[in-house]
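**Student:** Provided herewith: query-v3.txt, compact mmCIF, C-alpha atoms.
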# COMPACT_ATOMS: atom_id res chain seq x y z
CA MET A 26 -13.49 45.85 -106.88
CA GLU A 27 -13.96 49.21 -105.24
CA PHE A 28 -14.80 49.52 -101.55
CA PHE A 29 -15.90 52.37 -99.31
CA CYS A 30 -14.55 52.14 -95.75
CA TYR A 31 -15.52 54.54 -92.98
CA HIS A 32 -13.93 53.99 -89.57
CA ARG A 33 -15.91 56.01 -86.98
CA ASP A 34 -13.96 57.16 -83.94
CA ARG A 35 -14.76 55.93 -80.47
CA PRO A 36 -15.43 58.93 -78.19
CA GLY A 37 -12.27 59.92 -76.36
CA SER A 38 -9.90 58.19 -78.80
CA ALA A 39 -8.14 61.33 -80.12
CA VAL A 40 -5.03 60.79 -77.97
CA LEU A 41 -4.76 57.16 -79.10
CA ARG A 42 -5.15 58.18 -82.74
CA ARG A 43 -2.39 60.78 -82.38
CA GLU A 44 -0.12 58.15 -80.81
CA LEU A 45 -0.76 55.78 -83.72
CA LEU A 46 -0.55 58.37 -86.52
CA GLN A 47 2.74 57.15 -87.98
CA GLU A 48 1.59 53.51 -87.80
CA HIS A 49 -1.66 54.48 -89.55
CA TRP A 50 0.17 56.30 -92.34
CA SER A 51 2.70 53.48 -92.77
CA TYR A 52 -0.18 51.01 -93.03
CA MET A 53 -1.96 53.18 -95.60
CA ASP A 54 1.27 53.63 -97.58
CA ARG A 55 1.01 49.92 -98.41
CA TYR A 56 -2.25 50.70 -100.24
CA ALA A 57 -1.17 53.89 -102.05
CA ALA A 58 -1.63 52.40 -105.52
CA GLU A 59 -5.13 51.15 -104.66
CA MET A 60 -6.35 54.36 -103.01
CA ILE A 61 -9.18 56.31 -104.69
CA ALA A 62 -9.75 58.72 -101.81
CA ARG A 63 -8.84 59.10 -98.16
CA GLY A 64 -9.13 61.53 -95.31
CA PRO A 65 -10.46 62.34 -91.87
CA THR A 66 -13.96 63.47 -90.95
CA PHE A 67 -14.58 66.18 -88.35
CA ALA A 68 -17.19 67.30 -85.83
CA ASP A 69 -19.15 70.49 -86.43
CA ASP A 70 -16.29 72.51 -84.91
CA GLY A 71 -14.18 71.56 -87.96
CA ALA A 72 -11.25 70.51 -85.77
CA THR A 73 -12.22 67.45 -83.73
CA PRO A 74 -11.63 64.22 -85.71
CA THR A 75 -14.61 61.85 -85.84
CA GLY A 76 -13.47 59.19 -88.27
CA SER A 77 -11.46 58.18 -91.29
CA VAL A 78 -12.64 57.54 -94.87
CA HIS A 79 -10.81 55.30 -97.32
CA ILE A 80 -12.04 54.34 -100.76
CA VAL A 81 -9.89 51.59 -102.22
CA ASP A 82 -9.74 49.30 -105.23
CA LEU A 83 -8.93 45.81 -103.95
CA PRO A 84 -9.11 42.31 -105.45
CA ASP A 85 -12.07 41.03 -103.40
CA SER A 86 -14.17 41.28 -100.25
CA ALA A 87 -11.63 39.33 -98.18
CA ALA A 88 -8.91 41.85 -99.06
CA ALA A 89 -11.28 44.70 -98.17
CA ARG A 90 -12.08 43.17 -94.78
CA ALA A 91 -8.37 42.68 -94.10
CA PHE A 92 -7.73 46.31 -95.10
CA ALA A 93 -10.45 47.60 -92.75
CA PHE A 94 -9.86 45.39 -89.74
CA ASP A 95 -6.05 45.09 -89.75
CA GLU A 96 -5.70 48.89 -89.65
CA PRO A 97 -3.68 49.93 -86.55
CA ASN A 98 -6.29 52.30 -85.10
CA TYR A 99 -8.96 49.62 -85.43
CA GLN A 100 -6.71 47.01 -83.82
CA ALA A 101 -5.98 49.39 -80.90
CA GLY A 102 -9.67 50.16 -80.28
CA ALA A 103 -9.73 53.76 -81.53
CA TYR A 104 -12.81 53.15 -83.68
CA ARG A 105 -16.34 52.44 -82.45
CA ASP A 106 -17.47 50.88 -85.72
CA VAL A 107 -16.64 50.38 -89.38
CA LEU A 108 -18.87 50.83 -92.41
CA LEU A 109 -17.43 48.68 -95.21
CA ARG A 110 -19.37 48.41 -98.47
CA ARG A 111 -18.75 47.69 -102.10
CA TRP A 112 -18.73 50.97 -104.00
CA ARG A 113 -18.70 52.05 -107.64
CA ASN A 114 -16.49 54.94 -108.76
CA MET A 115 -18.96 56.84 -110.94
CA LEU A 116 -16.45 59.65 -111.63
CA GLY A 117 -13.71 57.28 -112.80
CA ARG A 118 -11.01 59.26 -111.03
CA THR A 119 -9.20 59.58 -107.71
CA MET A 120 -9.34 62.49 -105.30
CA TRP A 121 -5.93 63.57 -106.60
CA ASP A 122 -7.56 64.17 -109.99
CA PHE A 123 -10.19 66.50 -108.49
CA PRO A 124 -9.97 69.73 -110.52
CA GLY A 125 -10.52 71.82 -107.37
CA GLY A 126 -7.26 70.66 -105.78
CA ARG A 127 -6.46 69.68 -102.20
CA THR A 128 -7.29 72.97 -100.49
CA GLY A 129 -9.85 75.75 -100.64
CA GLY A 130 -13.51 75.60 -99.75
CA ASN A 131 -15.40 73.34 -97.40
CA ARG A 132 -15.18 69.59 -98.00
CA TYR A 133 -17.77 67.04 -96.89
CA LEU A 134 -18.58 63.36 -96.74
CA VAL A 135 -22.26 62.76 -97.49
CA LEU A 136 -23.64 59.30 -96.73
CA GLY A 137 -27.13 58.45 -97.90
CA LEU A 138 -28.29 55.21 -96.29
CA GLY A 139 -30.73 53.49 -98.63
CA ALA A 140 -34.38 52.76 -98.18
CA GLY A 141 -36.12 51.05 -101.08
CA PRO A 142 -35.36 51.43 -104.77
CA ALA A 143 -31.97 52.77 -105.88
CA ALA A 144 -31.58 56.55 -105.96
CA ASP A 145 -28.97 58.96 -107.27
CA ILE A 146 -27.33 56.25 -109.39
CA THR A 147 -26.23 58.75 -112.05
CA VAL A 148 -23.71 61.51 -111.49
CA PRO A 149 -25.31 64.94 -110.90
CA PRO A 150 -24.81 67.45 -113.72
CA ASP A 151 -22.66 69.79 -111.57
CA ARG A 152 -19.80 67.32 -111.19
CA ASP A 153 -17.08 69.96 -110.86
CA GLU A 154 -17.54 70.04 -107.07
CA LEU A 155 -17.59 66.25 -106.72
CA ILE A 156 -14.42 64.63 -105.41
CA ALA A 157 -15.80 61.06 -105.27
CA TYR A 158 -19.30 59.78 -106.03
CA GLY A 159 -20.85 56.36 -106.12
CA PRO A 160 -23.38 53.86 -104.82
CA LEU A 161 -22.90 51.78 -101.70
CA LEU A 162 -23.58 48.16 -102.64
CA SER A 163 -24.14 44.77 -101.02
CA ASP A 164 -21.19 42.39 -100.77
CA ASP A 165 -22.08 40.78 -104.10
CA GLY A 166 -22.50 44.21 -105.75
CA ALA A 167 -26.09 43.45 -106.79
CA THR A 168 -28.12 45.47 -104.28
CA TRP A 169 -28.05 49.24 -103.81
CA LEU A 170 -27.69 50.18 -100.13
CA GLY A 171 -27.08 53.91 -100.42
CA THR A 172 -24.74 56.52 -101.83
CA ALA A 173 -21.39 57.92 -100.65
CA VAL A 174 -20.12 61.29 -101.85
CA LEU A 175 -17.07 63.42 -101.14
CA LEU A 176 -17.53 66.98 -102.36
CA ARG A 177 -16.75 70.64 -101.98
CA ALA A 178 -19.77 72.72 -100.96
CA SER A 179 -20.53 76.06 -99.31
CA ASP A 180 -22.04 74.48 -96.19
CA PRO A 181 -23.50 71.21 -94.84
CA ASP A 182 -26.97 71.94 -96.22
CA ALA A 183 -25.58 72.48 -99.73
CA ALA A 184 -23.61 69.23 -99.37
CA ARG A 185 -26.73 67.34 -98.27
CA ALA A 186 -28.61 68.67 -101.31
CA VAL A 187 -26.48 66.54 -103.66
CA LEU A 188 -28.72 63.59 -102.69
CA THR A 189 -32.47 63.21 -103.15
CA PRO A 190 -33.70 63.57 -99.54
CA ASP A 191 -36.89 61.49 -99.63
CA ARG A 192 -35.10 58.47 -101.12
CA TYR A 193 -32.96 57.69 -98.06
CA ALA A 194 -33.66 56.40 -94.56
CA ASP A 195 -30.97 58.80 -93.36
CA ILE A 196 -28.45 61.24 -94.81
CA GLU A 197 -25.32 62.01 -92.80
CA VAL A 198 -23.08 64.99 -93.53
CA HIS A 199 -19.58 65.13 -92.04
CA GLY A 200 -16.82 67.69 -92.49
CA TRP A 201 -13.99 66.00 -94.41
CA ALA A 202 -10.47 66.83 -95.58
CA PHE A 203 -8.02 65.35 -98.06
CA GLY A 204 -5.90 62.85 -96.16
CA GLY A 205 -2.46 61.38 -96.33
CA ARG A 206 0.97 62.24 -95.09
CA PRO A 207 1.75 65.95 -95.02
CA ALA A 208 3.94 66.87 -97.97
Before anything else, please render the file you have as structure tokens.
**Tutor:**
Amino acid sequence: MEFFCYHRDRPGSAVLRRELLQEHWSYMDRYAAEMIARGPTFADDGATPTGSVHIVDLPDSAAARAFAFDEPNYQAGAYRDVLLRRWRNMLGRTMWDFPGGRTGGNRYLVLGLGAGPAADITVPPDRDELIAYGPLLSDDGATWLGTAVLLRASDPDAARAVLTPDRYADIEVHGWAFGGRPA
């Protein structure tokens, strides 16, 4: 089962996150084989971290909850909240398979929070700029709750345009970067 996990930073937690960086990476190393995508989100300045995205393939909801809530930054209080949802990998690949590579261009996380009937449940035709794409689902996987996308785009407005605007209660756009230990 695939899960989308977004840990949102608590204001003022940057120092704590820096202190726990090696613990965070060591924890994530345990999930390397299950990782579909990962990386930090940033404020509009492009430099201030605001959260951490992980998309993982785990056996069940209990394993996903353990993944999200046993994470060292979460345990230390660095995060203000966690969005954890079932997810479906509509591209059938990991971020490491993205043809655009790890660098170059602006990268974004786009979260469309659902309102009503399912929207954007098929992959857009211009999939070359998509790094990860899929629906956010209820715990049992039966109900559409929104859409989560990682993509390369010219700017936040272009990133937002990947989703149908009037089909969501809210669409969030966050700067994002490929994550993991530096090579």
**Student:** If you measure from CA of Ala57 (chain A) to CA of Gly205 (chain A), what distance in Å do you get, rounded to one decimal?
**Tutor:**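 Pair CA of Ala57 (chain A) / CA of Gly205 (chain A) returns 9.5 Å.
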**Student:** Nearest residue to Glu154 (chain A) out of A:Arg33, A:Ala167, A:Asp182, A:Met120, using all atoms listed in the file?
**Tutor:** A:Met120
**Student:** Can you pull out the residues contacting Ser179 (chain A)? Cut-off 9 Å, using all atoms listed in the file, and skip same-chain residues under 2 positions away; I want them as a PyMOL selection string.
**Tutor:** chain A and resi 130-132+177+181-184
**Student:** CA of Ala58 (chain A) and CA of Asp95 (chain A), how far apart in Å?
**Tutor:**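 CA of Asp95 (chain A) sits 17.9 Å away from CA of Ala58 (chain A).
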**Student:** Quick one, how far is CA of Leu162 (chain A) from CA of Arg111 (chain A)?
**Tutor:**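 Computing it gives 4.9 Å between the two atoms.
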**Student:** Near Tyr133 (chain A), counting only C-alpha atoms, which residues have an atom at most 9 Å away, once you skip same-chain residues fewer than 6 positions from it, shown as a ChimeraX atom specification?
**Tutor:** /A:66,174-178,180-181,184,198-202
**Student:** Given all atoms listed in the file as the basis, pick out the residue of A:Val187, A:Leu45, A:Ala88, A:Met115 nearest to Ile61 (chain A).
**Tutor:**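 Residue with the minimum atom-to-atom distance to Ile61 (chain A): A:Met115.
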**Student:** Taking 2 positions as the minimum chain separation for residues in the same chain, which residues sit within 10 Å of Arg42 (chain A) when counting all atoms listed in the file? Answer as a list in words.
**Tutor:**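 The neighbour list is Asp34, Gly37, Ser38, Ala39, Val40, Glu44, Leu45, Leu46, Gln47, Glu48, His49, Pro74, Pro97, Asn98, Tyr99, Ala101, Gly102, Ala103 and Tyr104 of chain A.
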**Student:** Skipping near chain neighbours, those fewer than 3 positions away, what residues fall within 8 Å of Ala140 (chain A) using all atoms listed in the file, listed as a list in words?
**Tutor:** Leu170, Gly171, Arg192, Tyr193 and Ala194 of chain A
**Student:** Would you kindly return, as a list in words, each protein, DNA or RNA residue with an atom no farther than 12 Å from any atom of Asp165 (chain A), considering only C-alpha atoms and excluding same-chain residues fewer than 3 positions away?
**Tutor:**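 Close residues of Asp165 (chain A): Met26, Glu27, Phe28, Asp85, Ser86, Arg110, Arg111, Trp112, Leu161, Leu162, Thr168, Trp169 and Leu170 of chain A.
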